[in-house]
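Text of final.cif, listed as mmCIF, C-alpha atoms and all ligand atoms:
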```cif
data_query
loop_
_atom_site.label_atom_id
_atom_site.label_comp_id
_atom_site.auth_asym_id
_atom_site.auth_seq_id
_atom_site.Cartn_x
_atom_site.Cartn_y
_atom_site.Cartn_z
CA MET A 1 95.63 107.59 122.00
CA PRO A 2 96.06 105.89 118.65
CA ASP A 3 96.55 102.20 119.14
CA ALA A 4 97.68 100.47 115.96
CA THR A 5 96.73 97.07 117.31
CA LYS A 6 93.13 98.11 117.92
CA ALA A 7 92.44 100.36 114.96
CA LEU A 8 89.78 99.16 112.56
CA LEU A 9 91.40 101.19 109.83
CA GLU A 10 94.99 102.30 109.79
CA ILE A 11 96.47 104.48 107.07
CA ARG A 12 100.14 105.33 107.20
CA ASP A 13 102.08 107.68 104.92
CA LEU A 14 99.63 107.20 102.11
CA ARG A 15 100.78 108.44 98.73
CA ALA A 16 98.47 108.42 95.74
CA GLY A 17 97.57 110.45 92.72
CA TYR A 18 96.25 110.66 89.21
CA GLY A 19 98.58 109.75 86.38
CA ARG A 20 101.96 111.20 87.25
CA ILE A 21 100.58 113.80 89.57
CA GLU A 22 100.84 112.94 93.24
CA VAL A 23 97.90 114.29 95.22
CA LEU A 24 98.37 112.63 98.62
CA HIS A 25 101.87 113.20 99.95
CA GLY A 26 101.94 110.93 102.96
CA VAL A 27 98.59 111.05 104.73
CA SER A 28 98.19 109.15 108.00
CA LEU A 29 95.02 108.47 109.91
CA HIS A 30 93.25 105.77 111.82
CA VAL A 31 89.72 104.86 112.80
CA ASP A 32 88.92 102.86 115.90
CA PRO A 33 85.89 100.57 116.14
CA GLY A 34 82.71 102.47 116.93
CA GLU A 35 84.05 105.91 116.14
CA VAL A 36 82.69 108.67 113.96
CA VAL A 37 85.68 110.31 112.28
CA ALA A 38 85.45 113.43 110.11
CA ILE A 39 87.91 114.53 107.44
CA ILE A 40 87.69 118.21 106.65
CA GLY A 41 89.79 120.66 104.69
CA PRO A 42 89.59 122.99 101.73
CA ASN A 43 88.50 121.97 98.25
CA GLY A 44 91.14 119.97 96.46
CA ALA A 45 92.88 118.91 99.70
CA GLY A 46 92.64 115.26 98.70
CA LYS A 47 89.82 114.18 100.99
CA SER A 48 87.88 112.26 98.33
CA THR A 49 91.13 110.85 96.99
CA VAL A 50 91.76 109.17 100.36
CA PHE A 51 88.48 107.26 100.01
CA ARG A 52 89.05 106.45 96.33
CA THR A 53 92.52 105.12 97.12
CA MET A 54 91.15 102.95 99.91
CA MET A 55 88.59 101.43 97.55
CA GLY A 56 91.22 100.77 94.91
CA PHE A 57 89.92 103.31 92.38
CA VAL A 58 93.04 105.47 92.56
CA ARG A 59 96.50 104.00 92.38
CA CYS A 60 98.37 104.00 95.64
CA THR A 61 102.07 104.70 95.21
CA GLY A 62 103.26 104.43 98.77
CA GLY A 63 102.37 103.84 102.39
CA GLU A 64 100.07 101.35 104.05
CA MET A 65 96.33 100.91 104.39
CA THR A 66 95.02 98.15 106.59
CA PHE A 67 91.42 97.37 107.41
CA LYS A 68 90.79 94.77 110.12
CA GLY A 69 94.46 93.98 109.80
CA CYS A 70 94.22 93.16 106.06
CA SER A 71 96.17 95.21 103.57
CA LEU A 72 93.80 97.01 101.20
CA HIS A 73 96.47 97.38 98.51
CA THR A 74 96.14 93.97 97.04
CA LEU A 75 92.38 93.43 97.28
CA PRO A 76 89.87 94.01 94.48
CA SER A 77 87.00 96.34 95.35
CA TYR A 78 84.44 93.54 95.83
CA GLU A 79 86.75 91.81 98.32
CA ILE A 80 87.08 95.09 100.20
CA LEU A 81 83.29 95.28 100.34
CA ARG A 82 83.13 91.69 101.55
CA LEU A 83 85.53 92.55 104.37
CA GLY A 84 82.98 95.07 105.62
CA LEU A 85 84.11 98.35 104.13
CA ALA A 86 81.36 100.24 102.31
CA TYR A 87 81.71 103.44 100.31
CA VAL A 88 79.13 106.08 99.45
CA PRO A 89 80.63 108.41 96.83
CA GLN A 90 79.85 112.08 96.62
CA GLY A 91 76.72 113.10 94.75
CA ARG A 92 73.86 110.86 95.97
CA ILE A 93 74.37 108.30 93.27
CA VAL A 94 71.28 106.12 92.90
CA PHE A 95 69.88 104.11 90.01
CA ARG A 96 67.26 106.66 89.04
CA ASP A 97 65.16 104.39 86.82
CA MET A 98 65.02 101.59 89.36
CA THR A 99 62.66 101.52 92.31
CA VAL A 100 63.79 102.21 95.85
CA LEU A 101 63.50 98.50 96.65
CA GLU A 102 65.55 97.52 93.57
CA ASN A 103 68.22 100.03 94.58
CA LEU A 104 68.41 98.53 98.04
CA LYS A 105 68.64 95.00 96.66
CA MET A 106 71.50 96.10 94.40
CA GLY A 107 73.35 97.04 97.58
CA ALA A 108 73.16 93.42 98.69
CA PHE A 109 74.37 91.87 95.44
CA ILE A 110 77.26 90.12 97.18
CA GLU A 111 74.89 88.47 99.71
CA PRO A 112 73.59 85.11 98.46
CA ASP A 113 71.44 84.46 101.55
CA ARG A 114 67.98 85.84 100.78
CA ARG A 115 66.92 85.69 104.40
CA LYS A 116 69.77 88.04 105.31
CA VAL A 117 68.73 90.40 102.53
CA ARG A 118 65.18 90.46 103.92
CA GLN A 119 66.50 91.21 107.40
CA ALA A 120 68.66 94.00 106.02
CA LEU A 121 65.63 95.47 104.29
CA GLU A 122 63.63 95.39 107.51
CA ARG A 123 66.45 97.13 109.36
CA THR A 124 66.62 99.78 106.67
CA TYR A 125 62.88 100.41 106.76
CA THR A 126 62.94 100.74 110.55
CA LEU A 127 65.77 103.25 110.35
CA PHE A 128 64.31 105.16 107.39
CA PRO A 129 60.53 104.63 107.20
CA VAL A 130 60.35 106.94 104.17
CA LEU A 131 62.13 104.28 102.11
CA HIS A 132 59.44 101.76 103.01
CA GLU A 133 56.75 104.24 102.09
CA LYS A 134 58.39 104.90 98.71
CA ARG A 135 59.76 101.42 98.06
CA SER A 136 57.88 101.00 94.75
CA GLN A 137 58.72 104.44 93.42
CA LYS A 138 61.53 105.15 90.98
CA ALA A 139 64.55 106.50 92.84
CA GLY A 140 64.69 109.44 90.43
CA THR A 141 61.39 110.74 91.82
CA LEU A 142 62.74 111.09 95.37
CA SER A 143 63.87 114.41 96.81
CA GLY A 144 67.61 115.08 97.07
CA GLY A 145 67.61 114.29 100.75
CA GLN A 146 65.70 111.05 100.23
CA GLN A 147 68.15 110.03 97.50
CA GLN A 148 71.01 110.56 99.92
CA VAL A 149 69.21 108.40 102.50
CA LEU A 150 68.80 105.75 99.79
CA ALA A 151 72.46 105.93 98.74
CA ILE A 152 73.57 105.46 102.36
CA SER A 153 71.03 102.70 102.99
CA ARG A 154 72.12 100.82 99.90
CA ALA A 155 75.67 100.75 101.26
CA LEU A 156 74.34 99.53 104.61
CA MET A 157 72.61 96.50 103.07
CA VAL A 158 75.68 94.32 103.61
CA GLU A 159 76.07 95.36 107.25
CA PRO A 160 79.47 96.97 106.84
CA LYS A 161 81.79 97.49 109.82
CA LEU A 162 82.98 100.80 108.43
CA ILE A 163 81.14 103.10 106.07
CA LEU A 164 82.90 105.85 104.12
CA LEU A 165 80.65 108.80 103.36
CA ASP A 166 81.85 111.44 100.92
CA GLU A 167 80.04 114.73 101.53
CA PRO A 168 76.76 113.26 102.82
CA SER A 169 75.20 116.68 103.43
CA LEU A 170 76.34 118.41 100.22
CA GLY A 171 73.50 120.19 98.46
CA LEU A 172 70.87 119.29 101.02
CA ALA A 173 68.51 121.75 102.67
CA PRO A 174 69.74 122.55 106.22
CA ASN A 175 66.98 120.59 107.95
CA PHE A 176 67.70 117.54 105.82
CA ALA A 177 71.42 117.84 106.48
CA LYS A 178 70.59 117.94 110.19
CA PHE A 179 68.45 114.82 109.77
CA ILE A 180 71.33 112.98 108.05
CA PHE A 181 73.80 113.89 110.79
CA GLU A 182 71.35 112.74 113.47
CA ARG A 183 70.85 109.43 111.67
CA LEU A 184 74.61 108.92 111.52
CA LEU A 185 74.64 108.92 115.30
CA VAL A 186 71.88 106.27 115.26
CA LEU A 187 74.02 104.15 112.92
CA GLN A 188 76.89 104.58 115.36
CA GLU A 189 74.61 103.26 118.12
CA HIS A 190 73.96 100.24 115.88
CA GLY A 191 77.67 99.49 115.91
CA ILE A 192 78.59 100.96 112.55
CA THR A 193 81.83 102.89 112.42
CA ILE A 194 81.71 105.98 110.25
CA MET A 195 84.32 107.98 108.39
CA MET A 196 83.06 110.98 106.51
CA VAL A 197 84.39 113.76 104.38
CA GLU A 198 82.43 116.98 104.85
CA GLN A 199 82.49 120.53 103.55
CA ASN A 200 80.08 121.33 106.36
CA ALA A 201 83.04 121.14 108.72
CA ALA A 202 81.39 122.58 111.81
CA LYS A 203 78.44 120.19 111.67
CA ALA A 204 80.70 117.23 111.02
CA LEU A 205 83.04 118.05 113.92
CA GLU A 206 80.03 118.51 116.19
CA ILE A 207 79.07 114.87 115.86
CA ALA A 208 82.52 113.39 115.23
CA ASP A 209 84.54 111.71 117.95
CA ARG A 210 87.68 112.75 116.13
CA GLY A 211 88.61 114.75 113.10
CA TYR A 212 91.44 115.29 110.66
CA VAL A 213 92.16 118.44 108.72
CA LEU A 214 93.86 117.80 105.37
CA GLU A 215 95.49 120.47 103.29
CA LEU A 216 97.22 120.04 99.93
CA GLY A 217 97.46 116.31 100.38
CA ASN A 218 99.02 116.47 103.85
CA ASN A 219 97.80 116.13 107.42
CA ARG A 220 97.38 119.57 108.96
CA TYR A 221 95.53 119.12 112.26
CA SER A 222 93.91 116.24 114.08
CA GLY A 223 92.15 115.82 117.38
CA ARG A 224 88.88 115.28 119.12
CA GLY A 225 85.93 116.71 117.20
CA ARG A 226 85.00 119.15 119.96
CA ASP A 227 88.59 120.30 120.41
CA LEU A 228 89.00 121.03 116.70
CA LEU A 229 85.67 122.81 116.68
CA HIS A 230 86.92 125.20 119.37
CA ASP A 231 90.51 125.50 118.21
CA PRO A 232 91.08 129.17 117.25
CA GLU A 233 93.36 128.32 114.31
CA VAL A 234 91.05 125.66 112.90
CA LYS A 235 88.13 128.00 113.40
CA ARG A 236 89.84 130.85 111.60
CA LEU A 237 91.15 128.76 108.71
CA TYR A 238 88.44 126.19 108.11
CA LEU A 239 85.26 127.06 109.93
CA GLY A 240 84.72 130.54 108.62
CA GLY A 241 85.98 132.52 111.63
N1 LIG B 1 90.20 112.28 88.24
C1 LIG B 1 91.18 113.16 88.52
N2 LIG B 1 92.18 113.37 87.67
C2 LIG B 1 93.17 114.25 87.93
N3 LIG B 1 93.23 114.98 89.06
C3 LIG B 1 92.25 114.83 89.96
C4 LIG B 1 91.17 113.90 89.73
N4 LIG B 1 90.34 113.96 90.81
C5 LIG B 1 90.88 114.86 91.64
N5 LIG B 1 92.01 115.38 91.15
C6 LIG B 1 92.88 116.38 91.80
O1 LIG B 1 93.32 115.86 93.04
C7 LIG B 1 93.29 116.86 94.04
C8 LIG B 1 92.47 116.38 95.21
O2 LIG B 1 91.13 116.18 94.80
P1 LIG B 1 90.01 115.61 95.77
O3 LIG B 1 90.53 114.43 96.48
O4 LIG B 1 88.78 115.47 94.96
O5 LIG B 1 89.87 116.82 96.82
P2 LIG B 1 88.75 117.12 97.91
O6 LIG B 1 87.84 115.94 97.99
O7 LIG B 1 89.50 117.38 99.17
O8 LIG B 1 88.06 118.36 97.44
C9 LIG B 1 92.77 118.12 93.38
O9 LIG B 1 93.87 118.94 93.05
C10 LIG B 1 92.08 117.63 92.14
O10 LIG B 1 92.17 118.57 91.12
MG MG B 2 85.81 115.73 97.55
#
```
Write out the structure in this file as structure tokens.
Ligand SMILES: Nc1ncnc2c1ncn2[C@@H]1O[C@H](COP(=O)(O)OP(=O)(O)O)[C@@H](O)[C@H]1O
Ligand SMILES: [Mg+2]
Amino acid sequence: MPDATKALLEIRDLRAGYGRIEVLHGVSLHVDPGEVVAIIGPNGAGKSTVFRTMMGFVRCTGGEMTFKGCSLHTLPSYEILRLGLAYVPQGRIVFRDMTVLENLKMGAFIEPDRRKVRQALERTYTLFPVLHEKRSQKAGTLSGGQQQVLAISRALMVEPKLILLDEPSLGLAPNFAKFIFERLLVLQEHGITIMMVEQNAAKALEIADRGYVLELGNNRYSGRGRDLLHDPEVKRLYLGG
């Protein structure tokens, strides 16, 4: 049961858009501490816009967004990051001409304590040994899957409470997508709460505690991941039969 007093993230009747065009027409969702929550839905439903609005990149025109009880409306993006909300945009964005290590350090730019940065690096290397192996290589030389691992790890450098992942498996070979989803569950075990947008809806719902289906900027369905996965309507409309 949704419990507004316990939710880590609470979004109510969110309205947002680009210029004069409203794209989100009153979206509501919440994320409880420790959960993996998936947002699915057709292209153009407004999934990415939800994340962009939370981070302050898209103007919010109505509704409420609170993270750890603080309203996200009024905070600049770096304050949002400081509160423990990290965002990994779609498209495996890494600094291609910088090394893996430099990319990771960029993720910790708000952390003045060098000891903490070192600890974060050690954690990252334990979780993703490939990043340790390739730490001196330019990020642009990594495979697509490795770049995604780097993009996620960079966001994890500040030990966020909640990480927003936009299409983490997009464009990855199936075995690498599987690897990413498995690692997300390891992050969950480490106490990181995860909200992700995924076009690979079936895979996302398989690992998600709960899911939301958005359509045309509105809530369409919501429920436990497994229940949505086996719901005949959701299956027919969004999971390819
Ligand atoms: N920068 C933008 N400027 C204008 N319209 C946009 C912009 N980005 C997205 N949109 C529109 O907003 C709607 C939702 O987009 P988006 O949130 O990216 O959908 P999703 O992530 O679910 O595929 C779409 O109709 C899209 O065309
Ligand atoms: Mg999107």
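Minimum atom-to-atom distance to ligand MG 2 (chain B), evaluated using only C-alpha atoms and all ligand atoms, belongs to A:Thr49 out of A:Thr126, A:Thr49, A:Ser28, A:Asn219.
Among all protein and nucleic acid residues, the ones that lie within 7 Å of ligand MG 2 (chain B) when counting only C-alpha atoms and all ligand atoms are Asn43, Gly44, Gly46, Lys47, Ser48 and Asp166 of chain A.
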Listing only residues of chain A within 9 Å of ligand LIG 1 (chain B), what is the closest atom pair and its distance in Å (to one decimal) for each, using all atoms listed in the file, sorted by chain and residue number ascending, as CSV?
```
residue,atom,partner,partner_atom,distance
A:Gly17,CA,B:LIG1,O1,6.9
A:Tyr18,CA,B:LIG1,C2,4.9
A:Gly19,CA,B:LIG1,C2,7.2
A:Ile21,CA,B:LIG1,N3,7.5
A:Glu22,CA,B:LIG1,O1,8.1
A:Val23,CA,B:LIG1,O1,5.3
A:Leu24,CA,B:LIG1,C8,7.8
A:Ile39,CA,B:LIG1,O7,8.9
A:Ile40,CA,B:LIG1,O7,7.7
A:Gly41,CA,B:LIG1,O7,6.4
A:Pro42,CA,B:LIG1,O7,6.2
A:Asn43,CA,B:LIG1,O8,3.7
A:Gly44,CA,B:LIG1,O5,3.4
A:Ala45,CA,B:LIG1,O7,3.7
A:Gly46,CA,B:LIG1,O3,3.2
A:Lys47,CA,B:LIG1,O7,3.7
A:Ser48,CA,B:LIG1,O6,3.7
A:Thr49,CA,B:LIG1,O3,3.7
A:Val50,CA,B:LIG1,O3,6.7
A:Phe51,CA,B:LIG1,O3,8.3
A:Arg52,CA,B:LIG1,O3,8.1
A:Val58,CA,B:LIG1,N1,8.6
A:Gln90,CA,B:LIG1,O6,9.0
A:Asp166,CA,B:LIG1,O6,8.0
A:Glu167,CA,B:LIG1,O6,8.7
A:Val197,CA,B:LIG1,O6,7.6
A:Glu198,CA,B:LIG1,O6,8.8
A:Gln199,CA,B:LIG1,O8,8.5
A:Leu214,CA,B:LIG1,O7,7.6
A:Glu215,CA,B:LIG1,O7,7.9
A:Leu216,CA,B:LIG1,C8,7.6
A:Gly217,CA,B:LIG1,C8,7.2
```
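Using all atoms listed in the file for every distance, the candidate list A:Lys105, A:Arg236, A:Lys6, A:Lys134 yields A:Lys105 as the residue closest to Ser153 (chain A).
Take CA of Gly84 (chain A) and CA of Arg154 (chain A): the distance between them is 13.6 Å.
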*Using only C-alpha atoms, which residue out of A:Glu102, A:Ile163, A:Leu85, A:Glu35 lies closest to Ile207 (chain A)?*
A:Glu35
For region 86-223 of chain A of the block above, can you save C-alpha atoms as a CSV table (one decimal), in the first residue's frame?
```csv
chain,number,residue,atom,x,y,z
A,86,ALA,CA,21.2,10.7,-9.1
A,87,TYR,CA,20.2,10.6,-12.7
A,88,VAL,CA,21.6,8.5,-15.6
A,89,PRO,CA,20.2,9.9,-18.8
A,90,GLN,CA,19.4,7.7,-21.8
A,91,GLY,CA,22.3,7.0,-24.2
A,92,ARG,CA,25.3,5.9,-22.1
A,93,ILE,CA,26.7,9.4,-21.9
A,94,VAL,CA,30.3,9.3,-20.9
A,95,PHE,CA,33.2,11.7,-21.4
A,96,ARG,CA,34.8,9.7,-24.3
A,97,ASP,CA,38.2,11.4,-24.3
A,98,MET,CA,38.7,11.0,-20.6
A,99,THR,CA,39.8,7.9,-18.9
A,100,VAL,CA,37.5,5.6,-17.0
A,101,LEU,CA,39.0,6.8,-13.7
A,102,GLU,CA,38.6,10.5,-14.7
A,103,ASN,CA,35.0,9.8,-15.6
A,104,LEU,CA,34.4,8.2,-12.2
A,105,LYS,CA,36.0,11.1,-10.4
A,106,MET,CA,33.8,13.5,-12.3
A,107,GLY,CA,30.8,11.7,-10.7
A,108,ALA,CA,32.1,12.7,-7.3
A,109,PHE,CA,32.7,16.4,-8.1
A,110,ILE,CA,30.4,17.5,-5.3
A,111,GLU,CA,32.4,15.4,-2.7
A,112,PRO,CA,35.2,17.4,-1.2
A,113,ASP,CA,36.4,14.6,1.0
A,114,ARG,CA,39.1,12.7,-1.0
A,115,ARG,CA,39.0,9.7,1.4
A,116,LYS,CA,35.3,9.2,0.6
A,117,VAL,CA,36.0,9.5,-3.1
A,118,ARG,CA,38.7,6.7,-2.7
A,119,GLN,CA,36.2,4.5,-0.9
A,120,ALA,CA,33.6,5.1,-3.6
A,121,LEU,CA,36.1,4.1,-6.2
A,122,GLU,CA,36.9,0.9,-4.3
A,123,ARG,CA,33.2,0.1,-4.1
A,124,THR,CA,32.8,0.6,-7.8
A,125,TYR,CA,35.8,-1.6,-8.7
A,126,THR,CA,34.4,-4.4,-6.5
A,127,LEU,CA,31.0,-4.2,-8.1
A,128,PHE,CA,32.4,-3.8,-11.7
A,129,PRO,CA,35.9,-5.2,-11.9
A,130,VAL,CA,36.1,-4.4,-15.6
A,131,LEU,CA,36.2,-0.7,-14.7
A,132,HIS,CA,39.3,-1.3,-12.6
A,133,GLU,CA,40.9,-3.3,-15.4
A,134,LYS,CA,40.2,-0.5,-17.8
A,135,ARG,CA,40.7,2.5,-15.5
A,136,SER,CA,43.4,4.1,-17.5
A,137,GLN,CA,41.7,3.6,-20.9
A,138,LYS,CA,39.7,6.4,-22.6
A,139,ALA,CA,36.0,5.8,-22.1
A,140,GLY,CA,35.4,6.0,-25.8
A,141,THR,CA,37.3,2.8,-26.3
A,142,LEU,CA,35.0,0.8,-24.1
A,143,SER,CA,32.2,-1.4,-25.5
A,144,GLY,CA,28.6,-0.1,-25.4
A,145,GLY,CA,27.8,-2.3,-22.4
A,146,GLN,CA,31.0,-1.2,-20.5
A,147,GLN,CA,30.1,2.5,-21.2
A,148,GLN,CA,26.7,1.9,-19.7
A,149,VAL,CA,28.3,0.3,-16.6
A,150,LEU,CA,30.6,3.4,-16.4
A,151,ALA,CA,27.7,5.8,-16.8
A,152,ILE,CA,25.8,4.1,-13.9
A,153,SER,CA,28.9,3.9,-11.8
A,154,ARG,CA,29.7,7.5,-12.2
A,155,ALA,CA,26.2,8.3,-10.9
A,156,LEU,CA,26.9,6.0,-7.9
A,157,MET,CA,30.1,7.8,-6.9
A,158,VAL,CA,28.1,10.0,-4.5
A,159,GLU,CA,26.3,7.1,-2.9
A,160,PRO,CA,22.8,8.3,-3.9
A,161,LYS,CA,19.7,7.0,-2.1
A,162,LEU,CA,17.8,6.9,-5.3
A,163,ILE,CA,19.1,6.4,-8.8
A,164,LEU,CA,17.1,7.2,-11.9
A,165,LEU,CA,18.0,5.1,-14.9
A,166,ASP,CA,16.7,6.0,-18.3
A,167,GLU,CA,16.7,3.0,-20.6
A,168,PRO,CA,19.7,1.3,-19.1
A,169,SER,CA,19.5,-1.7,-21.5
A,170,LEU,CA,18.8,0.2,-24.7
A,171,GLY,CA,21.0,-0.9,-27.6
A,172,LEU,CA,22.9,-3.5,-25.5
A,173,ALA,CA,23.5,-7.1,-26.6
A,174,PRO,CA,21.0,-9.4,-24.8
A,175,ASN,CA,23.7,-10.9,-22.5
A,176,PHE,CA,24.9,-7.5,-21.5
A,177,ALA,CA,21.4,-6.3,-20.9
A,178,LYS,CA,21.0,-9.3,-18.6
A,179,PHE,CA,24.2,-8.5,-16.8
A,180,ILE,CA,23.0,-4.9,-16.2
A,181,PHE,CA,19.7,-6.1,-14.8
A,182,GLU,CA,21.4,-8.6,-12.5
A,183,ARG,CA,23.7,-5.8,-11.3
A,184,LEU,CA,20.8,-3.6,-10.5
A,185,LEU,CA,19.6,-6.2,-8.0
A,186,VAL,CA,23.1,-6.2,-6.4
A,187,LEU,CA,22.8,-2.4,-6.1
A,188,GLN,CA,19.4,-2.9,-4.4
A,189,GLU,CA,21.1,-5.3,-2.0
A,190,HIS,CA,23.5,-2.5,-1.2
A,191,GLY,CA,20.6,-0.3,-0.2
A,192,ILE,CA,20.2,1.8,-3.3
A,193,THR,CA,16.7,2.4,-4.4
A,194,ILE,CA,16.2,2.3,-8.2
A,195,MET,CA,13.7,3.8,-10.6
A,196,MET,CA,14.1,3.0,-14.2
A,197,VAL,CA,12.5,3.6,-17.5
A,198,GLU,CA,12.7,0.7,-19.8
A,199,GLN,CA,11.6,-0.2,-23.4
A,200,ASN,CA,12.5,-3.8,-22.4
A,201,ALA,CA,9.4,-3.9,-20.4
A,202,ALA,CA,9.3,-7.6,-19.7
A,203,LYS,CA,12.8,-7.7,-18.4
A,204,ALA,CA,12.3,-4.6,-16.3
A,205,LEU,CA,9.1,-5.9,-14.7
A,206,GLU,CA,10.8,-9.2,-14.0
A,207,ILE,CA,13.2,-7.6,-11.6
A,208,ALA,CA,11.0,-4.7,-10.4
A,209,ASP,CA,9.1,-4.7,-7.1
A,210,ARG,CA,6.5,-2.5,-8.7
A,211,GLY,CA,5.8,-0.9,-12.0
A,212,TYR,CA,3.9,1.9,-13.7
A,213,VAL,CA,2.6,2.0,-17.2
A,214,LEU,CA,2.4,5.5,-18.7
A,215,GLU,CA,0.5,6.3,-21.8
A,216,LEU,CA,0.2,9.8,-23.4
A,217,GLY,CA,1.4,11.5,-20.3
A,218,ASN,CA,-1.1,9.7,-18.0
A,219,ASN,CA,-1.0,6.8,-15.6
A,220,ARG,CA,-2.5,3.8,-17.2
A,221,TYR,CA,-1.7,0.8,-15.0
A,222,SER,CA,0.3,0.2,-11.8
A,223,GLY,CA,1.0,-2.7,-9.6
```
